[in-house]
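Listing of start28.csv, CSV, C-alpha atoms
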```csv
chain,number,residue,atom,x,y,z
S,1,MET,CA,1.6,-8.7,-9.9
S,2,LEU,CA,4.0,-10.4,-7.5
S,3,ASP,CA,3.7,-13.7,-9.4
S,4,ARG,CA,7.2,-14.8,-8.8
S,5,GLU,CA,7.1,-13.8,-5.1
S,6,ARG,CA,3.8,-15.7,-4.5
S,7,ALA,CA,5.2,-18.8,-6.2
S,8,ALA,CA,8.3,-18.7,-4.2
S,9,TYR,CA,6.3,-18.2,-1.0
S,10,GLU,CA,4.0,-21.2,-1.8
S,11,LYS,CA,7.1,-23.3,-2.5
S,12,HIS,CA,9.0,-22.4,0.6
S,13,ALA,CA,6.4,-21.3,3.1
S,14,ALA,CA,6.5,-24.4,5.3
S,15,GLN,CA,10.3,-24.4,5.5
S,16,TRP,CA,10.5,-20.7,6.3
S,17,ALA,CA,7.7,-21.0,8.9
S,18,ARG,CA,9.5,-23.8,10.7
S,19,GLN,CA,12.7,-21.7,10.8
S,20,ASN,CA,11.0,-18.4,11.6
S,21,PRO,CA,7.6,-19.1,13.3
S,22,ALA,CA,5.2,-16.1,13.4
S,23,LYS,CA,7.8,-13.8,11.8
S,24,PHE,CA,6.9,-11.4,9.0
S,25,ALA,CA,8.6,-12.4,5.7
S,26,VAL,CA,9.7,-10.1,3.0
S,27,VAL,CA,10.0,-11.8,-0.4
S,28,LYS,CA,11.4,-10.3,-3.5
S,29,GLU,CA,11.5,-12.2,-6.8
S,30,ASP,CA,12.4,-15.8,-5.8
S,31,SER,CA,14.2,-15.1,-2.5
S,32,LEU,CA,13.4,-14.5,1.1
S,33,ALA,CA,14.8,-11.0,1.6
S,34,GLY,CA,14.4,-11.1,5.4
S,35,VAL,CA,12.2,-11.9,8.4
S,36,PHE,CA,11.0,-9.5,11.0
S,37,ASP,CA,9.1,-9.4,14.3
S,38,THR,CA,6.5,-6.9,13.2
S,39,ILE,CA,4.8,-5.9,10.0
S,40,ASP,CA,6.1,-2.4,10.4
S,41,GLU,CA,9.6,-3.6,10.5
S,42,ALA,CA,9.0,-5.7,7.4
S,43,LEU,CA,7.5,-2.8,5.5
S,44,ALA,CA,10.3,-0.5,6.4
S,45,ALA,CA,12.9,-3.0,5.4
S,46,GLY,CA,11.1,-3.7,2.1
S,47,VAL,CA,11.0,0.0,1.2
S,48,SER,CA,14.6,0.4,2.3
S,49,SER,CA,15.7,-2.4,0.0
S,50,PHE,CA,13.4,-2.1,-2.9
S,51,GLY,CA,12.0,1.4,-2.8
S,52,LEU,CA,8.5,1.6,-4.1
S,53,GLU,CA,8.7,-1.6,-6.2
S,54,PRO,CA,6.2,-4.3,-5.2
S,55,PHE,CA,7.5,-6.8,-2.7
S,56,LEU,CA,5.6,-9.5,-0.8
S,57,VAL,CA,5.0,-9.3,3.0
S,58,ARG,CA,3.3,-12.2,4.8
S,59,GLN,CA,3.3,-13.6,8.3
S,60,LEU,CA,4.8,-17.0,8.3
S,61,GLY,CA,2.8,-19.9,9.6
S,62,GLN,CA,-0.5,-18.1,9.3
S,63,PRO,CA,-3.3,-19.6,7.2
S,64,PRO,CA,-4.3,-17.6,4.1
S,65,GLN,CA,-6.2,-14.5,4.9
S,66,GLU,CA,-10.0,-15.1,4.9
S,67,ILE,CA,-11.6,-12.2,3.1
S,68,SER,CA,-15.3,-11.5,3.0
S,69,ILE,CA,-16.6,-8.1,1.8
S,70,PRO,CA,-20.2,-8.8,0.7
S,71,ALA,CA,-21.1,-5.2,-0.1
S,72,LEU,CA,-18.2,-5.0,-2.5
S,73,THR,CA,-18.2,-8.5,-4.0
S,74,MET,CA,-22.0,-8.6,-4.4
S,75,GLY,CA,-22.1,-5.1,-6.0
S,76,LEU,CA,-24.4,-3.8,-3.3
S,77,LEU,CA,-22.7,-0.5,-2.5
S,78,ARG,CA,-25.1,1.4,-4.7
S,79,ALA,CA,-27.9,-1.1,-5.6
S,80,HIS,CA,-31.0,0.3,-7.1
S,81,PRO,CA,-34.5,-1.3,-7.1
D,1,MET,CA,-10.3,8.2,24.2
D,2,PRO,CA,-11.3,10.6,21.4
D,3,ILE,CA,-14.9,10.2,20.2
D,4,LEU,CA,-16.3,11.4,16.9
D,5,ASN,CA,-20.1,11.9,16.9
D,6,VAL,CA,-21.8,12.1,13.5
D,7,GLN,CA,-25.4,13.0,12.7
D,8,LEU,CA,-26.1,12.9,9.0
D,9,GLY,CA,-28.5,15.2,7.3
D,10,GLY,CA,-28.9,16.9,4.0
D,11,GLN,CA,-31.2,18.1,1.3
D,12,GLY,CA,-33.0,16.2,-1.5
D,13,ARG,CA,-35.6,16.9,-4.1
D,14,SER,CA,-39.2,15.9,-3.8
D,15,SER,CA,-41.1,14.4,-6.7
D,16,ASP,CA,-42.3,17.9,-7.7
D,17,GLY,CA,-38.8,19.2,-7.7
D,18,LYS,CA,-38.9,21.1,-4.5
D,19,THR,CA,-35.8,21.1,-2.2
D,20,ILE,CA,-36.6,19.3,1.0
D,21,GLN,CA,-34.6,18.5,4.2
D,22,ILE,CA,-33.7,14.9,4.7
D,23,PRO,CA,-34.1,13.9,8.4
D,24,PRO,CA,-31.0,12.3,10.0
D,25,GLN,CA,-32.7,9.0,10.4
D,26,ALA,CA,-33.4,8.7,6.7
D,27,ALA,CA,-30.0,10.1,5.8
D,28,LEU,CA,-28.2,7.5,7.9
D,29,THR,CA,-30.4,4.8,6.4
D,30,MET,CA,-29.6,5.9,2.8
D,31,ARG,CA,-25.9,6.7,3.1
D,32,GLY,CA,-24.8,4.5,6.0
D,33,PRO,CA,-22.2,5.4,8.5
D,34,VAL,CA,-19.8,7.5,6.4
D,35,VAL,CA,-16.9,9.7,7.7
D,36,GLN,CA,-14.5,12.0,6.0
D,37,VAL,CA,-11.0,10.6,5.9
D,38,THR,CA,-7.6,11.3,4.5
D,39,VAL,CA,-5.4,8.4,3.3
D,40,SER,CA,-1.7,8.4,3.1
D,41,ALA,CA,1.2,5.9,2.9
D,42,GLY,CA,1.4,3.7,6.0
D,43,ARG,CA,3.5,5.2,8.7
D,44,ALA,CA,6.4,2.7,8.6
D,45,ILE,CA,6.7,3.2,4.9
D,46,ALA,CA,6.4,7.0,5.1
D,47,GLN,CA,9.1,7.2,7.7
D,48,GLN,CA,11.5,5.0,5.7
D,49,ILE,CA,10.9,7.1,2.5
D,50,LEU,CA,11.6,10.3,4.4
D,51,GLN,CA,14.7,8.9,6.0
D,52,GLN,CA,16.0,8.0,2.6
D,53,GLY,CA,15.5,11.6,1.5
D,54,GLY,CA,12.4,10.9,-0.6
D,55,SER,CA,9.2,12.8,-0.7
D,56,LEU,CA,5.6,11.7,-0.2
D,57,PRO,CA,2.6,12.5,-2.4
D,58,PRO,CA,0.0,14.5,-0.6
D,59,PRO,CA,-2.8,12.6,1.2
D,60,VAL,CA,-6.0,11.8,-0.6
D,61,SER,CA,-9.3,12.9,0.9
D,62,GLY,CA,-12.7,11.3,0.5
D,63,LEU,CA,-15.5,9.4,2.2
D,64,ALA,CA,-15.1,6.2,4.1
D,65,LEU,CA,-18.0,3.9,4.7
D,66,ILE,CA,-17.9,1.9,7.9
D,67,ASP,CA,-18.7,-1.6,6.8
D,68,THR,CA,-19.2,-4.0,9.7
D,69,GLY,CA,-19.9,-6.8,7.1
D,70,ALA,CA,-16.4,-6.6,5.7
D,71,THR,CA,-13.5,-8.5,7.2
D,72,SER,CA,-10.9,-6.3,5.5
D,73,THR,CA,-10.5,-2.6,4.9
D,74,CYS,CA,-10.5,-1.6,1.2
D,75,VAL,CA,-9.0,1.5,-0.4
D,76,ASP,CA,-9.8,2.9,-3.9
D,77,ASP,CA,-7.2,1.3,-6.1
D,78,ALA,CA,-6.5,4.5,-8.1
D,79,ALA,CA,-6.0,6.5,-4.9
D,80,ALA,CA,-3.5,3.9,-3.6
D,81,GLN,CA,-1.6,4.2,-6.8
D,82,GLN,CA,-1.7,8.0,-6.6
D,83,LEU,CA,-0.1,7.6,-3.1
D,84,GLN,CA,2.7,5.6,-4.7
D,85,VAL,CA,2.7,3.0,-1.9
D,86,PRO,CA,4.2,-0.4,-2.9
D,87,VAL,CA,2.0,-3.4,-3.5
D,88,ILE,CA,2.8,-5.9,-0.8
D,89,ASP,CA,0.5,-8.8,-1.7
D,90,VAL,CA,-2.3,-9.9,-4.0
D,91,VAL,CA,-5.5,-11.5,-2.9
D,92,LYS,CA,-8.3,-13.2,-4.8
D,93,ILE,CA,-11.8,-11.9,-4.4
D,94,ALA,CA,-14.9,-13.3,-6.0
D,95,SER,CA,-17.6,-10.8,-7.0
D,96,ALA,CA,-21.0,-10.8,-8.5
D,97,SER,CA,-19.8,-9.9,-11.9
D,98,HIS,CA,-16.5,-11.8,-12.0
D,99,SER,CA,-15.8,-15.3,-10.8
D,100,GLU,CA,-12.5,-14.3,-9.2
D,101,THR,CA,-10.3,-11.2,-9.5
D,102,GLU,CA,-6.9,-10.5,-8.2
D,103,GLN,CA,-6.7,-7.3,-6.1
D,104,ASN,CA,-3.5,-5.6,-4.9
D,105,VAL,CA,-2.9,-5.1,-1.2
D,106,TYR,CA,-1.4,-1.8,0.0
D,107,PRO,CA,-0.1,-0.5,3.4
D,108,ILE,CA,-1.9,2.7,4.1
D,109,SER,CA,-2.7,5.0,7.0
D,110,ILE,CA,-6.2,6.4,7.5
D,111,GLU,CA,-7.0,9.6,9.4
D,112,VAL,CA,-10.6,10.1,10.3
D,113,VAL,CA,-11.3,13.9,10.1
D,114,GLY,CA,-12.4,14.9,13.6
D,115,LEU,CA,-10.3,12.3,15.3
D,116,PRO,CA,-6.7,13.2,16.1
D,117,ILE,CA,-5.3,9.8,15.5
D,118,ALA,CA,-4.2,8.0,12.3
D,119,ILE,CA,-4.9,4.3,12.0
D,120,ASP,CA,-2.6,2.1,10.1
D,121,ALA,CA,-4.2,-0.4,7.7
D,122,PRO,CA,-1.2,-2.4,6.7
D,123,ARG,CA,-3.1,-4.7,4.4
D,124,ALA,CA,-5.8,-2.6,2.7
D,125,ILE,CA,-7.3,-4.2,-0.4
D,126,GLY,CA,-7.4,-2.2,-3.5
D,127,ALA,CA,-10.8,-2.0,-5.1
D,128,PRO,CA,-12.6,0.3,-7.6
D,129,LEU,CA,-14.4,2.3,-4.9
D,130,ALA,CA,-14.3,5.8,-6.5
D,131,ALA,CA,-17.1,4.8,-8.9
D,132,GLN,CA,-19.3,4.4,-5.7
D,133,GLY,CA,-18.2,7.8,-4.4
D,134,LEU,CA,-16.0,6.2,-1.7
D,135,LEU,CA,-12.3,6.3,-1.0
D,136,VAL,CA,-12.3,3.6,1.8
D,137,LEU,CA,-14.4,0.8,3.2
D,138,ILE,CA,-13.5,0.5,6.8
D,139,GLY,CA,-13.7,-3.2,7.7
D,140,ARG,CA,-13.5,-5.2,10.9
D,141,ASP,CA,-9.7,-5.4,10.8
D,142,LEU,CA,-9.7,-1.7,11.7
D,143,LEU,CA,-12.9,-1.7,13.8
D,144,GLN,CA,-11.2,-4.2,16.2
D,145,GLN,CA,-9.4,-1.1,17.5
D,146,CYS,CA,-12.6,1.0,17.8
D,147,ILE,CA,-15.9,1.4,19.5
D,148,LEU,CA,-18.7,2.0,17.1
D,149,VAL,CA,-22.2,3.0,18.3
D,150,TYR,CA,-24.9,3.1,15.7
D,151,ASN,CA,-28.1,4.9,16.7
D,152,GLY,CA,-30.6,4.5,13.9
D,153,VAL,CA,-33.3,6.1,16.0
D,154,SER,CA,-31.6,9.4,16.2
D,155,GLY,CA,-29.8,9.0,12.8
D,156,SER,CA,-26.4,9.3,14.4
D,157,PHE,CA,-23.4,7.2,15.1
D,158,SER,CA,-20.2,7.6,17.1
D,159,LEU,CA,-16.7,6.2,16.5
D,160,SER,CA,-13.9,6.2,19.1
D,161,LEU,CA,-10.5,4.7,19.2
```
Is it possible to give me this structure as structure tokens?
Amino acid sequence: MLDRERAAYEKHAAQWARQNPAKFAVVKEDSLAGVFDTIDEALAAGVSSFGLEPFLVRQLGQPPQEISIPALTMGLLRAHP
Amino acid sequence: MPILNVQLGGQGRSSDGKTIQIPPQAALTMRGPVVQVTVSAGRAIAQQILQQGGSLPPPVSGLALIDTGATSTCVDDAAAQQLQVPVIDVVKIASASHSETEQNVYPISIEVVGLPIAIDAPRAIGAPLAAQGLLVLIGRDLLQQCILVYNGVSGSFSLSL
């Protein structure tokens, strides 16, 4: 899912971030579809342009999201002795 | 600031099959801080769909576990697909059973039953939560907007935002 969009983002992220620091980018296929001040604006624009198809939304210049969900990843939500 | 006070309780069966009351302290220990929620498409997306003349699937109801150990909020993947919200990113998560899996990210809105406010979770991670009887894991990305008081002694907790 979103393979092309993620590849395009990795390739161009530094350049896009220099040109649009801290903005929210909408990427569809290999192209930057737009940059926006807020994630809500980016989401609305993405749906306006692409409907319910997948599109990538990320904040430019931000490091990759650090995710830690131990209960889920360690399978501890319903552990039994 | 609206406050939701929850004291869990319930019934269980003893080893001889009799129905017994579970005290709140034990119920909270076993189930954790869970709240009833309804999940729908994120507000920005919902407004755009409606402006374009589209319609929205009905919200999905279920239980949410407040998980202070989780950085990110998760939503049951099947429920998110049912809501027809677009996938807006993919993240990699390592688990006990798989070295690394890719999980979709969805923009959703969560309404806690009993609180008159919906909270947007614009980057909720899809995960197979339904098998655990859960619809949502509420992580610290949402809790940063809330006050959570966990009272293990009385078997209760309160959530306000």
Show me which bits of chain D are within 8 Å of chain S, counting only C-alpha atoms, as a VMD selection string. chain D and resid 44 to 45 47 to 49 52 69 to 72 84 to 90 93 to 97 104 122 132
I need the residues from that last selection saved to file as a short mmCIF file (atom, residue, chain, number, x, y, z; two decimals), in the frame of the given file (with C-alpha atoms), if you can.
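Final file, out33.cif:
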```
data_model
loop_
_atom_site.label_atom_id
_atom_site.label_comp_id
_atom_site.auth_asym_id
_atom_site.auth_seq_id
_atom_site.Cartn_x
_atom_site.Cartn_y
_atom_site.Cartn_z
CA ALA D 44 6.40 2.70 8.60
CA ILE D 45 6.70 3.20 4.90
CA GLN D 47 9.10 7.20 7.70
CA GLN D 48 11.50 5.00 5.70
CA ILE D 49 10.90 7.10 2.50
CA GLN D 52 16.00 8.00 2.60
CA GLY D 69 -19.90 -6.80 7.10
CA ALA D 70 -16.40 -6.60 5.70
CA THR D 71 -13.50 -8.50 7.20
CA SER D 72 -10.90 -6.30 5.50
CA GLN D 84 2.70 5.60 -4.70
CA VAL D 85 2.70 3.00 -1.90
CA PRO D 86 4.20 -0.40 -2.90
CA VAL D 87 2.00 -3.40 -3.50
CA ILE D 88 2.80 -5.90 -0.80
CA ASP D 89 0.50 -8.80 -1.70
CA VAL D 90 -2.30 -9.90 -4.00
CA ILE D 93 -11.80 -11.90 -4.40
CA ALA D 94 -14.90 -13.30 -6.00
CA SER D 95 -17.60 -10.80 -7.00
CA ALA D 96 -21.00 -10.80 -8.50
CA SER D 97 -19.80 -9.90 -11.90
CA ASN D 104 -3.50 -5.60 -4.90
CA PRO D 122 -1.20 -2.40 6.70
CA GLN D 132 -19.30 4.40 -5.70
#
```
Using all atoms listed in the file, which protein or nucleic acid residues come within 9 Å of D:Val34? Drop anything in the same chain fewer than 2 positions from it, and give the result as JSON, numbers by chain. {"D": [6, 8, 28, 31, 32, 36, 63, 64, 65, 66]}
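Across the structure, atom CA of D:Gly126 and atom CA of D:Gly42 are spaced 14.2 Å apart.
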S:Ala8: which residues within 10 Å, counting all atoms listed in the file, same-chain residues fewer than 6 positions away excluded, as a count of residues only? 7
Pick out the closest residue to D:Gln25 from this set: D:Gln81, D:Ser109, D:Gln11, D:Ser154. Count all atoms listed in the file. D:Ser154
Residue with the minimum atom-to-atom distance to D:Gly152, picked from D:Thr38, D:Ser14, D:Thr29, D:Ser55 with only C-alpha atoms counted, is D:Thr29
